[in-house]
Structure formats: C-alpha cells, structure tokens
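Structure data follow from upload-v9.cif (mmCIF, C-alpha atoms):
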```
data_coords
loop_
_atom_site.group_PDB
_atom_site.id
_atom_site.type_symbol
_atom_site.label_atom_id
_atom_site.label_comp_id
_atom_site.auth_asym_id
_atom_site.auth_seq_id
_atom_site.Cartn_x
_atom_site.Cartn_y
_atom_site.Cartn_z
ATOM 1 C CA ASP A 488 9.369 5.264 3.467
ATOM 2 C CA ILE A 489 6.314 7.485 3.833
ATOM 3 C CA ILE A 490 4.934 8.933 0.607
ATOM 4 C CA VAL A 491 1.790 10.953 -0.124
ATOM 5 C CA ASN A 492 -0.981 10.369 -2.652
ATOM 6 C CA VAL A 493 -3.392 12.988 -3.965
ATOM 7 C CA GLY A 494 -7.048 11.954 -4.310
ATOM 8 C CA ARG A 495 -9.905 13.310 -6.410
ATOM 9 C CA THR A 496 -10.922 15.867 -3.752
ATOM 10 C CA GLY A 497 -7.330 17.051 -3.356
ATOM 11 C CA ALA A 498 -6.850 15.101 -0.118
ATOM 12 C CA VAL A 499 -3.142 14.458 0.439
ATOM 13 C CA THR A 500 -2.923 11.080 2.163
ATOM 14 C CA PRO A 501 0.286 9.657 3.634
ATOM 15 C CA THR A 502 1.055 6.027 2.822
ATOM 16 C CA ALA A 503 3.631 3.703 4.375
ATOM 17 C CA VAL A 504 5.917 1.960 1.882
ATOM 18 C CA LEU A 505 6.828 -1.390 3.411
ATOM 19 C CA GLN A 506 9.175 -4.273 2.981
ATOM 20 C CA PRO A 507 6.718 -6.813 1.453
ATOM 21 C CA VAL A 508 5.035 -9.007 4.083
ATOM 22 C CA ARG A 509 2.209 -11.558 4.042
ATOM 23 C CA VAL A 510 -0.962 -10.403 5.807
ATOM 24 C CA ALA A 511 -4.299 -12.225 5.788
ATOM 25 C CA GLY A 512 -3.585 -14.179 2.615
ATOM 26 C CA SER A 513 -1.881 -11.561 0.447
ATOM 27 C CA THR A 514 1.455 -9.778 0.138
ATOM 28 C CA VAL A 515 1.326 -6.197 1.388
ATOM 29 C CA SER A 516 3.885 -3.541 0.458
ATOM 30 C CA ARG A 517 1.881 -0.402 1.260
ATOM 31 C CA ALA A 518 -0.417 0.587 4.117
ATOM 32 C CA THR A 519 -2.505 3.655 4.829
ATOM 33 C CA LEU A 520 -1.431 6.110 7.511
ATOM 34 C CA HIS A 521 -4.678 8.138 7.201
ATOM 35 C CA ASN A 522 -3.367 11.627 8.046
ATOM 36 C CA GLU A 523 -0.586 13.623 9.686
ATOM 37 C CA ASP A 524 -2.191 13.505 13.153
ATOM 38 C CA ASN A 525 -2.396 9.711 13.005
ATOM 39 C CA ILE A 526 1.314 9.506 12.180
ATOM 40 C CA ARG A 527 2.175 11.809 15.071
ATOM 41 C CA ASP A 528 -0.107 10.065 17.574
ATOM 42 C CA LYS A 529 1.350 6.659 16.707
ATOM 43 C CA ASP A 530 4.887 8.091 16.477
ATOM 44 C CA VAL A 531 5.504 6.425 13.112
ATOM 45 C CA ARG A 532 8.790 7.478 11.506
ATOM 46 C CA ILE A 533 10.449 6.891 8.156
ATOM 47 C CA GLY A 534 12.600 3.780 8.581
ATOM 48 C CA ASP A 535 10.563 2.325 11.463
ATOM 49 C CA SER A 536 9.515 -1.259 11.992
ATOM 50 C CA VAL A 537 5.747 -1.327 12.360
ATOM 51 C CA ILE A 538 2.814 -3.597 13.128
ATOM 52 C CA ILE A 539 0.199 -3.688 10.354
ATOM 53 C CA GLN A 540 -3.250 -5.221 9.955
ATOM 54 C CA LYS A 541 -6.010 -5.273 7.374
ATOM 55 C CA ALA A 542 -8.800 -2.945 8.488
ATOM 56 C CA GLY A 543 -12.053 -4.801 7.929
ATOM 57 C CA ASP A 544 -9.895 -7.620 6.489
ATOM 58 C CA VAL A 545 -9.364 -5.467 3.381
ATOM 59 C CA ILE A 546 -7.302 -2.271 3.680
ATOM 60 C CA PRO A 547 -3.779 -2.562 5.138
ATOM 61 C CA GLU A 548 -3.133 0.006 7.858
ATOM 62 C CA VAL A 549 -0.332 0.727 10.306
ATOM 63 C CA VAL A 550 -1.367 -0.119 13.873
ATOM 64 C CA ARG A 551 1.730 1.118 15.711
ATOM 65 C CA SER A 552 5.450 1.587 15.467
ATOM 66 C CA LEU A 553 8.093 -0.483 17.279
ATOM 67 C CA PRO A 554 10.417 2.154 18.776
ATOM 68 C CA GLU A 555 12.487 -0.539 20.525
ATOM 69 C CA LYS A 556 13.752 -1.592 17.078
ATOM 70 C CA ARG A 557 15.065 1.866 16.125
ATOM 71 C CA ASN A 558 18.762 2.375 15.372
ATOM 72 C CA GLY A 559 18.830 6.177 15.160
ATOM 73 C CA SER A 560 18.538 6.473 11.383
ATOM 74 C CA GLU A 561 14.742 6.976 11.484
ATOM 75 C CA ARG A 562 13.318 10.329 10.395
ATOM 76 C CA ILE A 563 10.190 12.213 11.477
ATOM 77 C CA PHE A 564 7.670 12.659 8.638
ATOM 78 C CA LYS A 565 6.551 16.146 7.646
ATOM 79 C CA MET A 566 3.600 16.795 5.355
ATOM 80 C CA PRO A 567 4.797 18.494 2.128
ATOM 81 C CA GLU A 568 3.971 22.182 1.736
ATOM 82 C CA VAL A 569 3.422 21.798 -2.009
ATOM 83 C CA CYS A 570 1.652 19.087 -4.009
ATOM 84 C CA PRO A 571 4.107 16.492 -5.376
ATOM 85 C CA ASP A 572 2.089 16.259 -8.604
ATOM 86 C CA CYS A 573 1.345 19.863 -9.541
ATOM 87 C CA GLY A 574 3.388 22.071 -7.197
ATOM 88 C CA SER A 575 0.332 23.871 -5.805
ATOM 89 C CA GLU A 576 0.024 24.769 -2.130
ATOM 90 C CA VAL A 577 -0.986 22.018 0.286
ATOM 91 C CA TYR A 578 -3.321 23.519 2.886
ATOM 92 C CA ARG A 579 -4.924 22.087 5.999
ATOM 93 C CA GLU A 580 -8.175 23.756 7.028
ATOM 94 C CA PRO A 581 -8.292 24.535 10.766
ATOM 95 C CA GLY A 582 -10.269 21.845 12.543
ATOM 96 C CA GLU A 583 -9.824 19.297 9.734
ATOM 97 C CA ALA A 584 -7.547 16.257 9.854
ATOM 98 C CA VAL A 585 -6.907 16.147 6.112
ATOM 99 C CA ALA A 586 -4.506 18.375 4.175
ATOM 100 C CA ARG A 587 -5.511 19.188 0.593
ATOM 101 C CA CYS A 588 -3.878 20.282 -2.652
ATOM 102 C CA LEU A 589 -5.382 23.611 -3.734
ATOM 103 C CA GLY A 590 -4.464 23.166 -7.415
ATOM 104 C CA ALA A 591 -7.548 23.396 -9.639
ATOM 105 C CA THR A 592 -5.698 21.656 -12.492
ATOM 106 C CA CYS A 593 -3.836 19.043 -10.431
ATOM 107 C CA PRO A 594 -3.319 15.956 -12.659
ATOM 108 C CA SER A 595 -3.811 13.553 -9.755
ATOM 109 C CA GLN A 596 -7.162 15.107 -8.863
ATOM 110 C CA LEU A 597 -8.147 14.965 -12.536
ATOM 111 C CA ARG A 598 -7.171 11.294 -12.867
ATOM 112 C CA GLU A 599 -8.869 10.189 -9.644
ATOM 113 C CA GLY A 600 -11.948 12.295 -10.407
ATOM 114 C CA ILE A 601 -12.403 10.689 -13.828
ATOM 115 C CA ILE A 602 -11.837 7.200 -12.402
ATOM 116 C CA HIS A 603 -14.620 7.945 -9.899
ATOM 117 C CA PHE A 604 -16.895 9.391 -12.609
ATOM 118 C CA VAL A 605 -16.706 6.232 -14.733
ATOM 119 C CA SER A 606 -16.964 3.795 -11.786
ATOM 120 C CA ARG A 607 -19.729 1.197 -11.398
ATOM 121 C CA ASP A 608 -21.829 3.223 -8.913
ATOM 122 C CA ALA A 609 -21.463 6.415 -10.927
ATOM 123 C CA MET A 610 -21.683 6.503 -14.746
ATOM 124 C CA ASN A 611 -20.612 2.824 -15.024
ATOM 125 C CA ILE A 612 -18.511 3.145 -18.201
ATOM 126 C CA GLU A 613 -16.793 -0.152 -18.975
ATOM 127 C CA GLY A 614 -13.351 -0.107 -20.558
ATOM 128 C CA LEU A 615 -12.194 3.009 -18.724
ATOM 129 C CA GLY A 616 -9.813 1.590 -16.139
ATOM 130 C CA GLU A 617 -6.999 3.500 -14.448
ATOM 131 C CA ALA A 618 -4.489 2.724 -17.209
ATOM 132 C CA VAL A 619 -6.772 3.936 -20.009
ATOM 133 C CA VAL A 620 -7.712 7.083 -18.097
ATOM 134 C CA GLY A 621 -3.996 7.776 -17.635
ATOM 135 C CA GLN A 622 -3.398 7.306 -21.358
ATOM 136 C CA LEU A 623 -6.199 9.697 -22.288
ATOM 137 C CA ILE A 624 -4.880 12.372 -19.934
ATOM 138 C CA GLU A 625 -1.274 11.991 -21.093
ATOM 139 C CA ALA A 626 -2.394 12.220 -24.723
ATOM 140 C CA GLY A 627 -4.198 15.476 -23.946
ATOM 141 C CA LEU A 628 -7.564 14.036 -25.004
ATOM 142 C CA ILE A 629 -9.377 14.735 -21.738
ATOM 143 C CA HIS A 630 -9.067 17.674 -19.355
ATOM 144 C CA ASP A 631 -12.282 17.056 -17.394
ATOM 145 C CA VAL A 632 -15.141 14.539 -17.385
ATOM 146 C CA SER A 633 -17.057 16.329 -20.137
ATOM 147 C CA ASP A 634 -14.256 15.555 -22.600
ATOM 148 C CA LEU A 635 -15.078 11.840 -22.365
ATOM 149 C CA TYR A 636 -18.152 12.547 -24.479
ATOM 150 C CA ALA A 637 -16.088 14.262 -27.165
ATOM 151 C CA LEU A 638 -13.733 11.314 -27.761
ATOM 152 C CA LYS A 639 -13.515 10.100 -31.346
ATOM 153 C CA TYR A 640 -12.605 6.730 -32.826
ATOM 154 C CA GLU A 641 -9.603 8.147 -34.675
ATOM 155 C CA ASP A 642 -8.216 9.587 -31.419
ATOM 156 C CA LEU A 643 -8.530 6.290 -29.545
ATOM 157 C CA VAL A 644 -6.941 3.975 -32.118
ATOM 158 C CA LYS A 645 -3.764 6.065 -32.010
ATOM 159 C CA LEU A 646 -3.183 5.121 -28.372
ATOM 160 C CA ASP A 647 -0.762 2.322 -27.471
ATOM 161 C CA ARG A 648 -2.385 -1.123 -27.178
ATOM 162 C CA PHE A 649 -5.729 0.354 -28.219
ATOM 163 C CA GLY A 650 -7.084 -1.538 -31.217
ATOM 164 C CA SER A 651 -10.139 -1.015 -33.357
ATOM 165 C CA LYS A 652 -12.353 -3.252 -31.207
ATOM 166 C CA SER A 653 -11.268 -1.620 -27.929
ATOM 167 C CA ALA A 654 -11.943 1.836 -29.351
ATOM 168 C CA GLN A 655 -15.395 0.876 -30.591
ATOM 169 C CA ASN A 656 -16.295 -0.854 -27.325
ATOM 170 C CA LEU A 657 -15.350 2.236 -25.332
ATOM 171 C CA LEU A 658 -17.359 4.533 -27.586
ATOM 172 C CA THR A 659 -20.352 2.185 -27.234
ATOM 173 C CA ALA A 660 -20.009 2.223 -23.426
ATOM 174 C CA LEU A 661 -19.867 6.014 -23.461
ATOM 175 C CA GLU A 662 -22.948 6.146 -25.670
ATOM 176 C CA ASN A 663 -24.841 3.792 -23.346
ATOM 177 C CA SER A 664 -23.945 5.942 -20.328
ATOM 178 C CA ARG A 665 -25.784 8.893 -21.857
ATOM 179 C CA SER A 666 -29.056 7.310 -20.738
ATOM 180 C CA ASN A 667 -28.029 7.119 -17.068
ATOM 181 C CA ASN A 668 -30.189 8.907 -14.525
ATOM 182 C CA LEU A 669 -29.398 12.192 -12.796
ATOM 183 C CA SER A 670 -28.450 10.591 -9.471
ATOM 184 C CA ARG A 671 -25.623 8.625 -11.128
ATOM 185 C CA LEU A 672 -24.310 11.811 -12.702
ATOM 186 C CA LEU A 673 -24.461 13.741 -9.418
ATOM 187 C CA PHE A 674 -22.566 10.993 -7.604
ATOM 188 C CA GLY A 675 -20.068 10.800 -10.461
ATOM 189 C CA LEU A 676 -19.272 14.510 -10.257
ATOM 190 C CA GLY A 677 -17.556 13.793 -6.952
ATOM 191 C CA ILE A 678 -19.116 16.637 -4.987
ATOM 192 C CA ARG A 679 -17.597 16.514 -1.540
ATOM 193 C CA HIS A 680 -19.815 14.801 1.079
ATOM 194 C CA VAL A 681 -22.339 13.715 -1.606
ATOM 195 C CA GLY A 682 -22.459 9.932 -1.616
ATOM 196 C CA ALA A 683 -24.722 7.729 -3.691
ATOM 197 C CA GLY A 684 -27.606 8.074 -1.202
ATOM 198 C CA ALA A 685 -27.484 11.862 -1.063
ATOM 199 C CA ALA A 686 -27.226 11.971 -4.870
ATOM 200 C CA ARG A 687 -30.450 9.955 -5.143
ATOM 201 C CA GLU A 688 -32.216 12.265 -2.678
ATOM 202 C CA LEU A 689 -31.131 15.393 -4.550
ATOM 203 C CA ALA A 690 -32.085 13.939 -7.930
ATOM 204 C CA GLY A 691 -35.476 12.901 -6.563
ATOM 205 C CA GLN A 692 -36.172 16.388 -5.229
ATOM 206 C CA TYR A 693 -34.961 18.448 -8.177
ATOM 207 C CA ARG A 694 -35.180 16.187 -11.262
ATOM 208 C CA SER A 695 -33.143 18.820 -13.138
ATOM 209 C CA ILE A 696 -29.541 19.803 -12.629
ATOM 210 C CA ASP A 697 -30.506 23.399 -13.405
ATOM 211 C CA GLY A 698 -32.847 23.435 -10.424
ATOM 212 C CA LEU A 699 -30.125 22.042 -8.181
ATOM 213 C CA ILE A 700 -27.612 24.626 -9.411
ATOM 214 C CA GLU A 701 -29.949 27.409 -8.287
ATOM 215 C CA ALA A 702 -30.690 25.876 -4.868
ATOM 216 C CA SER A 703 -29.615 27.669 -1.688
ATOM 217 C CA VAL A 704 -28.233 26.121 1.492
ATOM 218 C CA GLU A 705 -31.497 26.901 3.273
ATOM 219 C CA GLU A 706 -33.517 25.211 0.540
ATOM 220 C CA LEU A 707 -31.316 22.129 0.489
ATOM 221 C CA THR A 708 -31.368 21.659 4.260
ATOM 222 C CA GLY A 709 -35.151 21.623 3.993
ATOM 223 C CA ILE A 710 -34.722 18.071 2.661
ATOM 224 C CA SER A 711 -34.844 15.831 5.733
ATOM 225 C CA THR A 712 -31.806 13.736 4.756
ATOM 226 C CA ILE A 713 -29.589 16.637 3.665
ATOM 227 C CA GLY A 714 -27.571 18.260 6.443
ATOM 228 C CA THR A 715 -25.742 21.594 6.479
ATOM 229 C CA LYS A 716 -22.370 20.077 5.522
ATOM 230 C CA ILE A 717 -23.783 18.465 2.364
ATOM 231 C CA ALA A 718 -25.854 21.534 1.481
ATOM 232 C CA GLU A 719 -22.896 23.907 1.786
ATOM 233 C CA SER A 720 -20.730 21.570 -0.259
ATOM 234 C CA VAL A 721 -23.317 21.361 -3.065
ATOM 235 C CA VAL A 722 -23.754 25.140 -3.218
ATOM 236 C CA LYS A 723 -19.990 25.701 -3.169
ATOM 237 C CA TYR A 724 -19.471 23.154 -5.958
ATOM 238 C CA PHE A 725 -22.043 24.663 -8.326
ATOM 239 C CA HIS A 726 -20.826 28.223 -7.686
ATOM 240 C CA GLU A 727 -17.209 27.432 -8.597
ATOM 241 C CA PRO A 728 -16.502 28.824 -12.128
ATOM 242 C CA HIS A 729 -14.494 25.802 -13.296
ATOM 243 C CA ASN A 730 -17.293 23.443 -12.242
ATOM 244 C CA GLN A 731 -19.882 25.632 -13.939
ATOM 245 C CA ALA A 732 -17.919 25.360 -17.195
ATOM 246 C CA VAL A 733 -17.737 21.558 -16.896
ATOM 247 C CA ILE A 734 -21.490 21.327 -16.269
ATOM 248 C CA ALA A 735 -22.163 23.569 -19.276
ATOM 249 C CA ARG A 736 -20.083 21.271 -21.501
ATOM 250 C CA LEU A 737 -21.808 18.189 -20.102
ATOM 251 C CA LYS A 738 -25.183 19.746 -20.926
ATOM 252 C CA GLU A 739 -24.041 20.228 -24.509
ATOM 253 C CA ARG A 740 -22.658 16.707 -24.874
ATOM 254 C CA LEU A 741 -25.164 14.583 -22.967
ATOM 255 C CA ARG A 742 -28.761 13.790 -23.723
ATOM 256 C CA GLU A 743 -31.318 15.670 -21.728
ATOM 257 C CA ALA A 744 -32.278 12.393 -20.002
ATOM 258 C CA VAL A 745 -29.152 12.435 -17.860
ATOM 259 C CA LEU A 746 -29.624 15.982 -16.761
ATOM 260 C CA ASP A 747 -33.372 16.155 -16.311
ATOM 261 C CA LEU A 748 -34.593 12.783 -15.067
ATOM 262 C CA ASN A 749 -34.114 10.803 -11.857
#
```
Full structure transcribed into structure tokens:
Amino acid sequence: DIIVNVGRTGAVTPTAVLQPVRVAGSTVSRATLHNEDNIRDKDVRIGDSVIIQKAGDVIPEVVRSLPEKRNGSERIFKMPEVCPDCGSEVYREPGEAVARCLGATCPSQLREGIIHFVSRDAMNIEGLGEAVVGQLIEAGLIHDVSDLYALKYEDLVKLDRFGSKSAQNLLTALENSRSNNLSRLLFGLGIRHVGAGAARELAGQYRSIDGLIEASVEELTGISTIGTKIAESVVKYFHEPHNQAVIARLKERLREAVLDLN
C-alpha cells in the first residue's frame, strides 16, 4: 500500500507499506517515498514489487518499481485532497514538492511538534516519548507546547501505566528544562527552515524573544548566516495569531532565563 503521514510542519509524506523484508541487518516493512513527484517519476504504484535500500544505511527508501512483475491489479497513487487526521485541506504550494495540511489544530502536527519540542537538541525533556505525548493529547491535558509547563502531578498519575515515580520524574524534567537557553527554545518551536544552527545565531543576535518577534525580514537578513527564506519564515511564524498566543503562554509559564538569555 501507499499511505501518508502528517509531520509537525503539516508536510504530508507518502510512505510505502511493504511485505516485511531484511535489509542491511534489520527487517523493513515501511519505506519513504518522499513526495508525489518522486512516486510519479519512479512510476511506483499501489501493489507493485519494488527495490528498496537504506539511504545513508539508515532510512529505508524505494529505489524503483519492477513493472515487469505487474499483474494488472496495481493502482496509481493520488495524494489525498484532505488530511487523513483532521479533514483539513491538503495544499501544495506552486513550485514546492511537498503538499501540506492547512489545519491549524491538526492532531498529527500537534503530536509531532511536541515530540520535536521535547527532543534532545531542543528542550531535552526526558520521559516525554511518543507514547506519553500521545497519552497527554488524548487526555486533553496539552493543546500546545506551553501546556507542558502547566501539567500537575494529580493529572499525570491518572494516566494508564503512569505511576507516582514516573509522574514526579517528568515534572522534575520539565522543571529542569526551564533553565534552557533561548536557542534551544527557538529550535524547539519548530519554525520552518530554522535548524539548531540558525536558532543559535538568532539567539546570539537578539538575546530576547521579544526582540526577535519585532524583527523585520530586512533586519534578519542583515545577519550574515540568515538568508531570505529563513527570515521570511521567522517573521511569518511570529506574526501568526495562534503562535503569538503560544509564545504569550510560554512567557507566563517559563522563567525569564529561557526567553531572555542565549
């Protein structure tokens, strides 16, 4: 089969579902297909036999299809017009290879965004794996990253397989993350095109998230390592009302150190 997954930026990525096969020391049952153009260029169809490899010896990807093995039951893949998780429109910007879900409250974007926020290179919050993040969302305890800092012990111990020690350890990890620097927070926010390096540059230049919020594209591109694409993405992010509300809640719930120091 070919299914789609929705990432933290709304990117809708097609994935090949495979009959399990051993590749480079592990059993593979899924492989990336990157985007709709890649599927078309390689003429990969639902039901095909395919050649796969591990890109960089890590990520399974489909190299090509084997049309000589077709029996006529194969079907051409079409990118969905609506998000499979939230029902919002799936839109592909002209000139871009990636289609994106436009839903501001898409649960998949929320889940993947929080997983990124708590990751090692971002806020580095131990005890918040994918399963726990899913539990917190399903229980209605978190609706954006700022809600992590409003979690209470009594809320956590009610969750399945979440004992007293697990709850306390998570709250301790959250408390410790309050002293992280601004660059970790900026990277954790998942601003499109802003990787860890760009986050460090921005934090070093502005030292305060308030200063960055007020920055213009022209001002940002004055930084030698910040190009137009990153600058426009940063300005767009901080001008979006939903993001402004999240930042406001983070400012209330985090120590000033996270927001004002690099």
Given the point (-11.1, 12.5, -13.5) in the coordinates of this file, which residues lie within 10 Å, counting only C-alpha atoms, and how would they look as an MDAnalysis selection string? chainID A and resid 495 594:605 617 620:621 624 629:633 635 675:677
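Distances from A:Pro728, A:Asn558, A:Arg517, A:Asn525 to Ile539 in chain A were compared using all atoms listed in the file, and the smallest one belongs to A:Arg517.
Using all atoms listed in the file, the contacts of range 696-703 of chain A at a cut-off of 10 Å, with sequence neighbours closer than 2 positions omitted, comprise Leu669, Ser670, Leu672, Leu673, Leu689, Ala690, Gln692, Tyr693, Arg694, Glu705, Glu706, Leu707, Thr708, Gly709, Ala718, Glu719, Val721, Val722, Lys723, Tyr724, Phe725, His726, Gln731, Ile734, Lys738, Val745, Leu746, Asp747 and Leu748 of chain A.
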May I have the residues from that selection written out with C-alpha atoms, as a tab-separated table (two decimals), in the coordinates of the input?
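Saved file out_37.tsv follows:
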```
chain	number	residue	atom	x	y	z
A	669	LEU	CA	-29.40	12.19	-12.80
A	670	SER	CA	-28.45	10.59	-9.47
A	672	LEU	CA	-24.31	11.81	-12.70
A	673	LEU	CA	-24.46	13.74	-9.42
A	689	LEU	CA	-31.13	15.39	-4.55
A	690	ALA	CA	-32.08	13.94	-7.93
A	692	GLN	CA	-36.17	16.39	-5.23
A	693	TYR	CA	-34.96	18.45	-8.18
A	694	ARG	CA	-35.18	16.19	-11.26
A	705	GLU	CA	-31.50	26.90	3.27
A	706	GLU	CA	-33.52	25.21	0.54
A	707	LEU	CA	-31.32	22.13	0.49
A	708	THR	CA	-31.37	21.66	4.26
A	709	GLY	CA	-35.15	21.62	3.99
A	718	ALA	CA	-25.85	21.53	1.48
A	719	GLU	CA	-22.90	23.91	1.79
A	721	VAL	CA	-23.32	21.36	-3.06
A	722	VAL	CA	-23.75	25.14	-3.22
A	723	LYS	CA	-19.99	25.70	-3.17
A	724	TYR	CA	-19.47	23.15	-5.96
A	725	PHE	CA	-22.04	24.66	-8.33
A	726	HIS	CA	-20.83	28.22	-7.69
A	731	GLN	CA	-19.88	25.63	-13.94
A	734	ILE	CA	-21.49	21.33	-16.27
A	738	LYS	CA	-25.18	19.75	-20.93
A	745	VAL	CA	-29.15	12.44	-17.86
A	746	LEU	CA	-29.62	15.98	-16.76
A	747	ASP	CA	-33.37	16.16	-16.31
A	748	LEU	CA	-34.59	12.78	-15.07
```
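Using all atoms listed in the file for every distance, the candidate list A:Asn730, A:Ser560, A:Gln540, A:Ser720 yields A:Gln540 as the residue closest to Ser516 in chain A.
What the PyMOL selection byres ((chain A and resi 639-655) around 10) matches in the given file is A:Gly614, A:Val619, A:Gln622, A:Leu623, A:Ala626, A:Leu628, A:Leu635, A:Tyr636, A:Ala637, A:Leu638, A:Asn656, A:Leu657, A:Leu658, A:Thr659, A:Ala660, A:Leu661.
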Residues matched by the PyMOL selection byres ((chain A and resi 569) around 12), written as a compact mmCIF listing (two decimals) with C-alpha atoms, keeping the file's coordinate frame:
```txt
# COMPACT_ATOMS: atom_id res chain seq x y z
CA VAL A 491 1.79 10.95 -0.12
CA VAL A 493 -3.39 12.99 -3.96
CA GLY A 497 -7.33 17.05 -3.36
CA VAL A 499 -3.14 14.46 0.44
CA LYS A 565 6.55 16.15 7.65
CA MET A 566 3.60 16.80 5.36
CA PRO A 567 4.80 18.49 2.13
CA GLU A 568 3.97 22.18 1.74
CA CYS A 570 1.65 19.09 -4.01
CA PRO A 571 4.11 16.49 -5.38
CA ASP A 572 2.09 16.26 -8.60
CA CYS A 573 1.34 19.86 -9.54
CA GLY A 574 3.39 22.07 -7.20
CA SER A 575 0.33 23.87 -5.80
CA GLU A 576 0.02 24.77 -2.13
CA VAL A 577 -0.99 22.02 0.29
CA TYR A 578 -3.32 23.52 2.89
CA ARG A 579 -4.92 22.09 6.00
CA ALA A 586 -4.51 18.38 4.18
CA ARG A 587 -5.51 19.19 0.59
CA CYS A 588 -3.88 20.28 -2.65
CA LEU A 589 -5.38 23.61 -3.73
CA GLY A 590 -4.46 23.17 -7.42
CA CYS A 593 -3.84 19.04 -10.43
```
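The gap separating CA of Arg671 in chain A from CA of Ala609 in chain A is 4.7 Å, in Å to one decimal.
Taking CA of Gly682 in chain A and CA of Ala511 in chain A as the two end points, the separation is 29.6 Å.
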Mind pulling up the distance from CA of Thr500 in chain A to CA of Ser552 in chain A? 18.4 Å
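Neighbouring residues of Lys541 in chain A at 9 Å or closer, counting only C-alpha atoms and skipping chain neighbours under 4 positions away, are Val510, Ala511, Ala518, Val545, Ile546, Pro547, Glu548 and Val549 of chain A.
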Would you output that residue set with C-alpha atoms, as an mmCIF file, in the frame of the given file?
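Now in again_17.cif:
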```cif
data_model
loop_
_atom_site.group_PDB
_atom_site.id
_atom_site.type_symbol
_atom_site.label_atom_id
_atom_site.label_comp_id
_atom_site.auth_asym_id
_atom_site.auth_seq_id
_atom_site.Cartn_x
_atom_site.Cartn_y
_atom_site.Cartn_z
ATOM 1 C CA VAL A 510 -0.962 -10.403 5.807
ATOM 2 C CA ALA A 511 -4.299 -12.225 5.788
ATOM 3 C CA ALA A 518 -0.417 0.587 4.117
ATOM 4 C CA VAL A 545 -9.364 -5.467 3.381
ATOM 5 C CA ILE A 546 -7.302 -2.271 3.680
ATOM 6 C CA PRO A 547 -3.779 -2.562 5.138
ATOM 7 C CA GLU A 548 -3.133 0.006 7.858
ATOM 8 C CA VAL A 549 -0.332 0.727 10.306
#
```
Edge lengths and centre in Å, axis-aligned, range 673-682 of chain A plus 5 Å each side, as AutoDock Vina command-line options:
```
--center_x -21.0 --center_y 13.3 --center_z -4.7 --size_x 16.9 --size_y 16.7 --size_z 21.5
```
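This file, queried with the PyMOL selection byres ((chain A and resi 504) around 12), gives the residues Asp488, Ile489, Ile490, Val491, Asn492, Pro501, Thr502, Ala503, Leu505, Gln506, Pro507, Val508, Val515, Ser516, Arg517, Ala518, Thr519, Leu520, Arg532, Ile533, Gly534, Asp535, Ser536, Val537, Ile539, Pro547, Glu548 and Val549 of chain A.
If all atoms listed in the file are the atoms counted, then among A:Arg527, A:Gly543, A:Gly512, A:Ile612 the closest residue to Arg665 in chain A is A:Ile612.
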